[in-house]
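Peer 1: Just one file: start-v6.pdb, with PDB, N, CA and C atoms.
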ATOM      1  N   MET A   1       9.835  -5.049 -20.618
ATOM      2  CA  MET A   1       9.981  -5.908 -19.464
ATOM      3  C   MET A   1       8.651  -5.966 -18.720
ATOM      4  N   LYS A   2       8.228  -7.174 -18.375
ATOM      5  CA  LYS A   2       6.973  -7.362 -17.674
ATOM      6  C   LYS A   2       7.183  -7.116 -16.187
ATOM      7  N   THR A   3       6.442  -6.153 -15.659
ATOM      8  CA  THR A   3       6.517  -5.834 -14.244
ATOM      9  C   THR A   3       5.106  -5.627 -13.712
ATOM     10  N   MET A   4       4.914  -5.956 -12.473
ATOM     11  CA  MET A   4       3.586  -5.860 -11.880
ATOM     12  C   MET A   4       3.264  -4.465 -11.366
ATOM     13  N   MET A   5       4.244  -3.608 -11.221
ATOM     14  CA  MET A   5       3.988  -2.293 -10.628
ATOM     15  C   MET A   5       2.917  -1.493 -11.376
ATOM     16  N   PRO A   6       2.943  -1.423 -12.717
ATOM     17  CA  PRO A   6       1.863  -0.702 -13.409
ATOM     18  C   PRO A   6       0.492  -1.349 -13.171
ATOM     19  N   LEU A   7       0.466  -2.674 -13.084
ATOM     20  CA  LEU A   7      -0.802  -3.355 -12.845
ATOM     21  C   LEU A   7      -1.288  -3.125 -11.414
ATOM     22  N   LEU A   8      -0.366  -3.123 -10.455
ATOM     23  CA  LEU A   8      -0.753  -2.801  -9.081
ATOM     24  C   LEU A   8      -1.405  -1.421  -9.043
ATOM     25  N   LYS A   9      -0.776  -0.474  -9.717
ATOM     26  CA  LYS A   9      -1.303   0.891  -9.761
ATOM     27  C   LYS A   9      -2.675   0.918 -10.435
ATOM     28  N   GLU A  10      -2.803   0.200 -11.542
ATOM     29  CA  GLU A  10      -4.073   0.135 -12.265
ATOM     30  C   GLU A  10      -5.203  -0.371 -11.363
ATOM     31  N   TYR A  11      -4.882  -1.329 -10.506
ATOM     32  CA  TYR A  11      -5.874  -1.907  -9.602
ATOM     33  C   TYR A  11      -6.015  -1.120  -8.300
ATOM     34  N   GLY A  12      -5.251  -0.040  -8.173
ATOM     35  CA  GLY A  12      -5.321   0.773  -6.964
ATOM     36  C   GLY A  12      -4.725   0.075  -5.755
ATOM     37  N   LEU A  13      -3.682  -0.713  -5.999
ATOM     38  CA  LEU A  13      -3.075  -1.512  -4.943
ATOM     39  C   LEU A  13      -1.650  -1.077  -4.661
ATOM     40  N   GLU A  14      -1.204  -1.406  -3.458
ATOM     41  CA  GLU A  14       0.176  -1.170  -3.039
ATOM     42  C   GLU A  14       0.733  -2.479  -2.504
ATOM     43  N   ILE A  15       2.025  -2.507  -2.275
ATOM     44  CA  ILE A  15       2.661  -3.716  -1.752
ATOM     45  C   ILE A  15       2.051  -4.110  -0.404
ATOM     46  N   ASP A  16       1.593  -3.127   0.362
ATOM     47  CA  ASP A  16       0.947  -3.420   1.644
ATOM     48  C   ASP A  16      -0.322  -4.242   1.448
ATOM     49  N   ASP A  17      -1.014  -4.037   0.334
ATOM     50  CA  ASP A  17      -2.216  -4.818   0.047
ATOM     51  C   ASP A  17      -1.865  -6.268  -0.274
ATOM     52  N   VAL A  18      -0.746  -6.467  -0.956
ATOM     53  CA  VAL A  18      -0.258  -7.826  -1.213
ATOM     54  C   VAL A  18       0.123  -8.469   0.119
ATOM     55  N   ARG A  19       0.767  -7.702   0.987
ATOM     56  CA  ARG A  19       1.150  -8.198   2.320
ATOM     57  C   ARG A  19      -0.092  -8.648   3.089
ATOM     58  N   TRP A  20      -1.159  -7.851   3.039
ATOM     59  CA  TRP A  20      -2.397  -8.213   3.734
ATOM     60  C   TRP A  20      -2.983  -9.500   3.155
ATOM     61  N   PHE A  21      -3.066  -9.582   1.830
ATOM     62  CA  PHE A  21      -3.619 -10.767   1.162
ATOM     63  C   PHE A  21      -2.841 -12.020   1.543
ATOM     64  N   ARG A  22      -1.531 -11.930   1.457
ATOM     65  CA  ARG A  22      -0.695 -13.093   1.806
ATOM     66  C   ARG A  22      -0.795 -13.407   3.302
ATOM     67  N   SER A  23      -0.966 -12.397   4.149
ATOM     68  CA  SER A  23      -1.140 -12.622   5.586
ATOM     69  C   SER A  23      -2.399 -13.442   5.843
ATOM     70  N   VAL A  24      -3.465 -13.112   5.130
ATOM     71  CA  VAL A  24      -4.709 -13.875   5.259
ATOM     72  C   VAL A  24      -4.468 -15.323   4.846
ATOM     73  N   GLN A  25      -3.795 -15.525   3.723
ATOM     74  CA  GLN A  25      -3.528 -16.880   3.245
ATOM     75  C   GLN A  25      -2.682 -17.666   4.249
ATOM     76  N   ILE A  26      -1.632 -17.047   4.740
ATOM     77  CA  ILE A  26      -0.732 -17.726   5.680
ATOM     78  C   ILE A  26      -1.468 -18.033   6.981
ATOM     79  N   ALA A  27      -2.271 -17.086   7.469
ATOM     80  CA  ALA A  27      -3.044 -17.321   8.695
ATOM     81  C   ALA A  27      -3.995 -18.503   8.517
ATOM     82  N   GLU A  28      -4.649 -18.584   7.363
ATOM     83  CA  GLU A  28      -5.547 -19.705   7.102
ATOM     84  C   GLU A  28      -4.794 -21.028   7.080
ATOM     85  N   GLU A  29      -3.598 -21.029   6.497
ATOM     86  CA  GLU A  29      -2.779 -22.245   6.482
ATOM     87  C   GLU A  29      -2.391 -22.656   7.899
ATOM     88  N   LEU A  30      -2.003 -21.687   8.714
ATOM     89  CA  LEU A  30      -1.609 -21.979  10.090
ATOM     90  C   LEU A  30      -2.799 -22.467  10.912
ATOM     91  N   LEU A  31      -3.936 -21.840  10.750
ATOM     92  CA  LEU A  31      -5.129 -22.252  11.478
ATOM     93  C   LEU A  31      -5.574 -23.662  11.095
ATOM     94  N   ALA A  32      -5.338 -24.033   9.850
ATOM     95  CA  ALA A  32      -5.685 -25.379   9.405
ATOM     96  C   ALA A  32      -4.848 -26.434  10.128
ATOM     97  N   LYS A  33      -3.694 -26.029  10.629
ATOM     98  CA  LYS A  33      -2.808 -26.969  11.323
ATOM     99  C   LYS A  33      -3.131 -27.090  12.809
ATOM    100  N   GLN A  34      -4.134 -26.347  13.296
ATOM    101  CA  GLN A  34      -4.434 -26.390  14.720
ATOM    102  C   GLN A  34      -4.933 -27.756  15.162
ATOM    103  N   THR A  35      -5.481 -28.545  14.234
ATOM    104  CA  THR A  35      -5.934 -29.882  14.606
ATOM    105  C   THR A  35      -4.758 -30.844  14.771
ATOM    106  N   THR A  36      -3.632 -30.477  14.185
ATOM    107  CA  THR A  36      -2.409 -31.267  14.369
ATOM    108  C   THR A  36      -1.284 -30.311  14.765
ATOM    109  N   PRO A  37      -1.252 -29.921  16.040
ATOM    110  CA  PRO A  37      -0.265 -28.936  16.498
ATOM    111  C   PRO A  37       1.177 -29.306  16.169
ATOM    112  N   ARG A  38       1.451 -30.589  16.066
ATOM    113  CA  ARG A  38       2.825 -31.020  15.774
ATOM    114  C   ARG A  38       3.324 -30.415  14.462
ATOM    115  N   LEU A  39       2.456 -30.323  13.457
ATOM    116  CA  LEU A  39       2.859 -29.743  12.174
ATOM    117  C   LEU A  39       3.240 -28.270  12.333
ATOM    118  N   LEU A  40       2.457 -27.540  13.112
ATOM    119  CA  LEU A  40       2.757 -26.132  13.360
ATOM    120  C   LEU A  40       4.047 -25.999  14.159
ATOM    121  N   ILE A  41       4.197 -26.824  15.166
ATOM    122  CA  ILE A  41       5.425 -26.811  15.980
ATOM    123  C   ILE A  41       6.642 -27.074  15.107
ATOM    124  N   GLU A  42       6.538 -28.058  14.228
ATOM    125  CA  GLU A  42       7.670 -28.382  13.348
ATOM    126  C   GLU A  42       7.967 -27.244  12.377
ATOM    127  N   ASP A  43       6.929 -26.561  11.892
ATOM    128  CA  ASP A  43       7.143 -25.405  11.015
ATOM    129  C   ASP A  43       7.901 -24.299  11.742
ATOM    130  N   ILE A  44       7.537 -24.065  12.992
ATOM    131  CA  ILE A  44       8.216 -23.035  13.788
ATOM    132  C   ILE A  44       9.628 -23.482  14.128
ATOM    133  N   TRP A  45       9.762 -24.686  14.638
ATOM    134  CA  TRP A  45      11.055 -25.209  15.096
ATOM    135  C   TRP A  45      12.078 -25.302  13.959
ATOM    136  N   SER A  46      11.628 -25.734  12.795
ATOM    137  CA  SER A  46      12.541 -25.942  11.674
ATOM    138  C   SER A  46      12.969 -24.638  11.013
ATOM    139  N   GLY A  47      12.233 -23.567  11.281
ATOM    140  CA  GLY A  47      12.520 -22.295  10.624
ATOM    141  C   GLY A  47      11.725 -22.084   9.351
ATOM    142  N   ARG A  48      10.911 -23.079   8.957
ATOM    143  CA  ARG A  48      10.111 -22.927   7.732
ATOM    144  C   ARG A  48       9.152 -21.755   7.838
ATOM    145  N   LEU A  49       8.561 -21.573   9.010
ATOM    146  CA  LEU A  49       7.636 -20.454   9.175
ATOM    147  C   LEU A  49       8.379 -19.128   9.034
ATOM    148  N   GLY A  50       9.535 -19.031   9.650
ATOM    149  CA  GLY A  50      10.341 -17.815   9.529
ATOM    150  C   GLY A  50      10.746 -17.548   8.091
ATOM    151  N   ASP A  51      11.132 -18.615   7.378
ATOM    152  CA  ASP A  51      11.490 -18.473   5.965
ATOM    153  C   ASP A  51      10.294 -18.004   5.143
ATOM    154  N   THR A  52       9.129 -18.537   5.462
ATOM    155  CA  THR A  52       7.908 -18.153   4.753
ATOM    156  C   THR A  52       7.595 -16.674   4.966
ATOM    157  N   LEU A  53       7.804 -16.198   6.183
ATOM    158  CA  LEU A  53       7.440 -14.827   6.529
ATOM    159  C   LEU A  53       8.467 -13.781   6.097
ATOM    160  N   TYR A  54       9.706 -14.211   5.833
ATOM    161  CA  TYR A  54      10.749 -13.258   5.459
ATOM    162  C   TYR A  54      10.460 -12.696   4.070
ATOM    163  N   ARG A  55      10.185 -11.396   3.984
ATOM    164  CA  ARG A  55       9.924 -10.691   2.730
ATOM    165  C   ARG A  55       8.822 -11.370   1.909
ATOM    166  N   PHE A  56       7.823 -11.940   2.582
ATOM    167  CA  PHE A  56       6.841 -12.756   1.887
ATOM    168  C   PHE A  56       6.058 -11.995   0.826
ATOM    169  N   GLU A  57       5.775 -10.723   1.054
ATOM    170  CA  GLU A  57       5.015  -9.971   0.049
ATOM    171  C   GLU A  57       5.881  -9.654  -1.163
ATOM    172  N   GLU A  58       7.147  -9.318  -0.923
ATOM    173  CA  GLU A  58       8.047  -9.010  -2.033
ATOM    174  C   GLU A  58       8.357 -10.274  -2.835
ATOM    175  N   LYS A  59       8.549 -11.396  -2.135
ATOM    176  CA  LYS A  59       8.817 -12.651  -2.827
ATOM    177  C   LYS A  59       7.616 -13.073  -3.668
ATOM    178  N   THR A  60       6.418 -12.791  -3.184
ATOM    179  CA  THR A  60       5.212 -13.120  -3.952
ATOM    180  C   THR A  60       5.207 -12.369  -5.279
ATOM    181  N   VAL A  61       5.448 -11.072  -5.220
ATOM    182  CA  VAL A  61       5.468 -10.241  -6.433
ATOM    183  C   VAL A  61       6.607 -10.679  -7.354
ATOM    184  N   GLU A  62       7.794 -10.915  -6.794
ATOM    185  CA  GLU A  62       8.946 -11.328  -7.608
ATOM    186  C   GLU A  62       8.674 -12.653  -8.302
ATOM    187  N   THR A  63       8.090 -13.604  -7.593
ATOM    188  CA  THR A  63       7.790 -14.912  -8.177
ATOM    189  C   THR A  63       6.780 -14.785  -9.308
ATOM    190  N   LEU A  64       5.745 -13.986  -9.088
ATOM    191  CA  LEU A  64       4.750 -13.778 -10.141
ATOM    192  C   LEU A  64       5.382 -13.125 -11.374
ATOM    193  N   GLU A  65       6.219 -12.108 -11.151
ATOM    194  CA  GLU A  65       6.889 -11.448 -12.284
ATOM    195  C   GLU A  65       7.798 -12.425 -13.021
ATOM    196  N   ASP A  66       8.567 -13.211 -12.289
ATOM    197  CA  ASP A  66       9.461 -14.191 -12.918
ATOM    198  C   ASP A  66       8.677 -15.218 -13.730
ATOM    199  N   ASP A  67       7.574 -15.697 -13.160
ATOM    200  CA  ASP A  67       6.747 -16.678 -13.868
ATOM    201  C   ASP A  67       6.109 -16.062 -15.108
ATOM    202  N   TRP A  68       5.719 -14.792 -15.008
ATOM    203  CA  TRP A  68       5.130 -14.080 -16.143
ATOM    204  C   TRP A  68       6.160 -13.916 -17.245
ATOM    205  N   ARG A  69       7.350 -13.441 -16.871
ATOM    206  CA  ARG A  69       8.423 -13.259 -17.871
ATOM    207  C   ARG A  69       8.829 -14.583 -18.506
ATOM    208  N   GLY A  70       8.818 -15.644 -17.699
ATOM    209  CA  GLY A  70       9.230 -16.953 -18.192
ATOM    210  C   GLY A  70       8.147 -17.701 -18.939
ATOM    211  N   GLY A  71       6.977 -17.115 -19.045
ATOM    212  CA  GLY A  71       5.901 -17.743 -19.786
ATOM    213  C   GLY A  71       5.157 -18.825 -19.017
ATOM    214  N   LYS A  72       5.415 -18.945 -17.716
ATOM    215  CA  LYS A  72       4.715 -19.951 -16.910
ATOM    216  C   LYS A  72       3.279 -19.539 -16.615
ATOM    217  N   ILE A  73       3.048 -18.236 -16.558
ATOM    218  CA  ILE A  73       1.705 -17.699 -16.377
ATOM    219  C   ILE A  73       1.528 -16.525 -17.340
ATOM    220  N   ASP A  74       0.279 -16.181 -17.584
ATOM    221  CA  ASP A  74       0.013 -15.061 -18.487
ATOM    222  C   ASP A  74      -0.565 -13.884 -17.702
ATOM    223  N   GLU A  75      -0.809 -12.792 -18.416
ATOM    224  CA  GLU A  75      -1.316 -11.593 -17.765
ATOM    225  C   GLU A  75      -2.676 -11.839 -17.112
ATOM    226  N   ALA A  76      -3.465 -12.722 -17.692
ATOM    227  CA  ALA A  76      -4.775 -13.031 -17.111
ATOM    228  C   ALA A  76      -4.625 -13.603 -15.702
ATOM    229  N   LYS A  77      -3.625 -14.443 -15.494
ATOM    230  CA  LYS A  77      -3.374 -15.001 -14.160
ATOM    231  C   LYS A  77      -2.935 -13.918 -13.188
ATOM    232  N   ILE A  78      -2.124 -12.996 -13.660
ATOM    233  CA  ILE A  78      -1.686 -11.873 -12.820
ATOM    234  C   ILE A  78      -2.904 -11.050 -12.419
ATOM    235  N   ARG A  79      -3.767 -10.777 -13.375
ATOM    236  CA  ARG A  79      -4.965  -9.983 -13.095
ATOM    237  C   ARG A  79      -5.910 -10.724 -12.145
ATOM    238  N   GLU A  80      -5.987 -12.017 -12.277
ATOM    239  CA  GLU A  80      -6.809 -12.813 -11.355
ATOM    240  C   GLU A  80      -6.262 -12.679  -9.924
ATOM    241  N   PHE A  81      -4.949 -12.765  -9.781
ATOM    242  CA  PHE A  81      -4.305 -12.581  -8.476
ATOM    243  C   PHE A  81      -4.611 -11.192  -7.929
ATOM    244  N   LEU A  82      -4.466 -10.168  -8.762
ATOM    245  CA  LEU A  82      -4.703  -8.790  -8.321
ATOM    246  C   LEU A  82      -6.167  -8.560  -7.960
ATOM    247  N   TYR A  83      -7.068  -9.222  -8.651
ATOM    248  CA  TYR A  83      -8.488  -9.148  -8.301
ATOM    249  C   TYR A  83      -8.698  -9.670  -6.876
ATOM    250  N   LEU A  84      -8.054 -10.799  -6.549
ATOM    251  CA  LEU A  84      -8.171 -11.379  -5.204
ATOM    252  C   LEU A  84      -7.543 -10.468  -4.152
ATOM    253  N   VAL A  85      -6.433  -9.843  -4.497
ATOM    254  CA  VAL A  85      -5.788  -8.903  -3.570
ATOM    255  C   VAL A  85      -6.714  -7.716  -3.319
ATOM    256  N   ARG A  86      -7.307  -7.196  -4.379
ATOM    257  CA  ARG A  86      -8.216  -6.054  -4.235
ATOM    258  C   ARG A  86      -9.445  -6.438  -3.407
ATOM    259  N   LYS A  87      -9.952  -7.637  -3.596
ATOM    260  CA  LYS A  87     -11.083  -8.128  -2.811
ATOM    261  C   LYS A  87     -10.703  -8.215  -1.330
ATOM    262  N   ALA A  88      -9.518  -8.738  -1.044
ATOM    263  CA  ALA A  88      -9.041  -8.826   0.343
ATOM    264  C   ALA A  88      -8.853  -7.435   0.935
ATOM    265  N   LYS A  89      -8.403  -6.493   0.105
ATOM    266  CA  LYS A  89      -8.230  -5.115   0.572
ATOM    267  C   LYS A  89      -9.568  -4.530   1.002
ATOM    268  N   ARG A  90     -10.597  -4.736   0.189
ATOM    269  CA  ARG A  90     -11.930  -4.229   0.542
ATOM    270  C   ARG A  90     -12.439  -4.876   1.825
ATOM    271  N   ASN A  91     -12.239  -6.175   1.950
ATOM    272  CA  ASN A  91     -12.705  -6.901   3.135
ATOM    273  C   ASN A  91     -11.908  -6.549   4.386
ATOM    274  N   ARG A  92     -10.726  -6.035   4.207
ATOM    275  CA  ARG A  92      -9.864  -5.679   5.339
ATOM    276  C   ARG A  92     -10.524  -4.652   6.243
ATOM    277  N   TRP A  93     -11.270  -3.754   5.658
ATOM    278  CA  TRP A  93     -11.848  -2.654   6.420
ATOM    279  C   TRP A  93     -13.286  -2.905   6.832
ATOM    280  N   ILE A  94     -13.821  -4.053   6.465
ATOM    281  CA  ILE A  94     -15.180  -4.405   6.896
ATOM    282  C   ILE A  94     -15.063  -5.050   8.271
ATOM    283  N   SER A  95     -15.746  -4.473   9.243
ATOM    284  CA  SER A  95     -15.650  -5.046  10.581
ATOM    285  C   SER A  95     -16.531  -6.291  10.667
ATOM    286  N   PRO A  96     -16.013  -7.334  11.333
ATOM    287  CA  PRO A  96     -16.777  -8.569  11.452
ATOM    288  C   PRO A  96     -18.023  -8.371  12.301
ATOM    289  N   ALA A  97     -19.039  -9.156  12.010
ATOM    290  CA  ALA A  97     -20.292  -9.075  12.783
ATOM    291  C   ALA A  97     -20.028  -9.479  14.230
ATOM    292  N   SER A  98     -20.647  -8.773  15.131
ATOM    293  CA  SER A  98     -20.460  -9.073  16.555
ATOM    294  C   SER A  98     -21.350 -10.193  16.997
TER     295      SER A  98
END
Now that the file is in, can you turn its structure into structure tokens?
Peer 2:
Amino acid sequence: MKTMMPLLKEYGLEIDDVRWFRSVQIAEELLAKQTTPRLLIEDIWSGRLGDTLYRFEEKTVETLEDDWRGGKIDEAKIREFLYLVRKAKRNRWISPAS
């Protein structure tokens, strides 16, 4: 059975690192909507934002595993994702320039 847990371990990652990576992505998406506040308001009002945030890190891993098992993506794509997560993890602790 294809599971991401051994690969997460291989990359020195935990689910919290996936949570951080996805948080960065979601924040960037939300910030992109600042030029059209109505879109952000509608996301909040409709519950789409809440749905997006509910178990978002676990859903990310589950979706990747399902796509991997179903042949929609291969291990190389999983590793590419984990590389980006690891990069975000490293950048998490770098303090921004003042």
Peer 1: Return the padded bounding box of stretch 19-29 of chain A as lines of an AutoDock Vina configuration file: axis-aligned, built from all atoms listed in the file, 6 Å added on each side, with centre and edge lengths in Å to one decimal.
Peer 2:
center_x = -2.2
center_y = -15.2
center_z = 4.8
size_x = 18.7
size_y = 27.0
size_z = 19.7
Peer 1: For A:Tyr11, list every protein, DNA or RNA residue within 8 Å, evaluated using only C-alpha atoms, and leave out those in the same chain fewer than 4 positions away; present the list as an MDAnalysis selection string.
Peer 2: chainID A and resid 7 82:83 86
Peer 1: What is the atom N of A:Lys33-atom N of A:Arg19 distance in Å, reported with one decimal?
Peer 2: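 Here the two named atoms are 21.2 Å from each other.
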Peer 1: Between atom CA of A:Pro6 and atom CA of A:Ile26, measure the distance and give it in Å to one decimal.
Peer 2: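 Separation of atom CA of A:Pro6 and atom CA of A:Ile26: 25.7 Å.
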Peer 1: On this file, the PyMOL selection byres (((chain A and resi 87 and name CA) around 12) and name CA) gives some set of residues; write that set as a PyMOL selection string.
Peer 2: chain A and resi 11-13+17-18+20-21+24+80-86+88-94
Peer 1: Can you write out the residues you just picked, keeping N, CA and C atoms, as a compact mmCIF listing (two decimals), in the frame of the given file?
Peer 2:
# COMPACT_ATOMS: atom_id res chain seq x y z
N TYR A 11 -4.88 -1.33 -10.51
CA TYR A 11 -5.87 -1.91 -9.60
C TYR A 11 -6.02 -1.12 -8.30
N GLY A 12 -5.25 -0.04 -8.17
CA GLY A 12 -5.32 0.77 -6.96
C GLY A 12 -4.72 0.08 -5.76
N LEU A 13 -3.68 -0.71 -6.00
CA LEU A 13 -3.08 -1.51 -4.94
C LEU A 13 -1.65 -1.08 -4.66
N ASP A 17 -1.01 -4.04 0.33
CA ASP A 17 -2.22 -4.82 0.05
C ASP A 17 -1.86 -6.27 -0.27
N VAL A 18 -0.75 -6.47 -0.96
CA VAL A 18 -0.26 -7.83 -1.21
C VAL A 18 0.12 -8.47 0.12
N TRP A 20 -1.16 -7.85 3.04
CA TRP A 20 -2.40 -8.21 3.73
C TRP A 20 -2.98 -9.50 3.16
N PHE A 21 -3.07 -9.58 1.83
CA PHE A 21 -3.62 -10.77 1.16
C PHE A 21 -2.84 -12.02 1.54
N VAL A 24 -3.46 -13.11 5.13
CA VAL A 24 -4.71 -13.88 5.26
C VAL A 24 -4.47 -15.32 4.85
N GLU A 80 -5.99 -12.02 -12.28
CA GLU A 80 -6.81 -12.81 -11.36
C GLU A 80 -6.26 -12.68 -9.92
N PHE A 81 -4.95 -12.76 -9.78
CA PHE A 81 -4.30 -12.58 -8.48
C PHE A 81 -4.61 -11.19 -7.93
N LEU A 82 -4.47 -10.17 -8.76
CA LEU A 82 -4.70 -8.79 -8.32
C LEU A 82 -6.17 -8.56 -7.96
N TYR A 83 -7.07 -9.22 -8.65
CA TYR A 83 -8.49 -9.15 -8.30
C TYR A 83 -8.70 -9.67 -6.88
N LEU A 84 -8.05 -10.80 -6.55
CA LEU A 84 -8.17 -11.38 -5.20
C LEU A 84 -7.54 -10.47 -4.15
N VAL A 85 -6.43 -9.84 -4.50
CA VAL A 85 -5.79 -8.90 -3.57
C VAL A 85 -6.71 -7.72 -3.32
N ARG A 86 -7.31 -7.20 -4.38
CA ARG A 86 -8.22 -6.05 -4.24
C ARG A 86 -9.44 -6.44 -3.41
N ALA A 88 -9.52 -8.74 -1.04
CA ALA A 88 -9.04 -8.83 0.34
C ALA A 88 -8.85 -7.44 0.94
N LYS A 89 -8.40 -6.49 0.10
CA LYS A 89 -8.23 -5.12 0.57
C LYS A 89 -9.57 -4.53 1.00
N ARG A 90 -10.60 -4.74 0.19
CA ARG A 90 -11.93 -4.23 0.54
C ARG A 90 -12.44 -4.88 1.82
N ASN A 91 -12.24 -6.18 1.95
CA ASN A 91 -12.70 -6.90 3.14
C ASN A 91 -11.91 -6.55 4.39
N ARG A 92 -10.73 -6.04 4.21
CA ARG A 92 -9.86 -5.68 5.34
C ARG A 92 -10.52 -4.65 6.24
N TRP A 93 -11.27 -3.75 5.66
CA TRP A 93 -11.85 -2.65 6.42
C TRP A 93 -13.29 -2.90 6.83
N ILE A 94 -13.82 -4.05 6.46
CA ILE A 94 -15.18 -4.40 6.90
C ILE A 94 -15.06 -5.05 8.27
Peer 1: What does the distance between atom C of A:Arg48 and atom N of A:Ile78 come to in Å, to one decimal place?
Peer 2: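 Atom N of A:Ile78 lies at a distance of 25.8 Å from atom C of A:Arg48.
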Peer 1: So, counting only C-alpha atoms, which residue among A:Leu30, A:Met1, A:Ile15, A:Ile73 is closest to A:Thr60?
Peer 2: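 Nearest to A:Thr60: A:Ile15.
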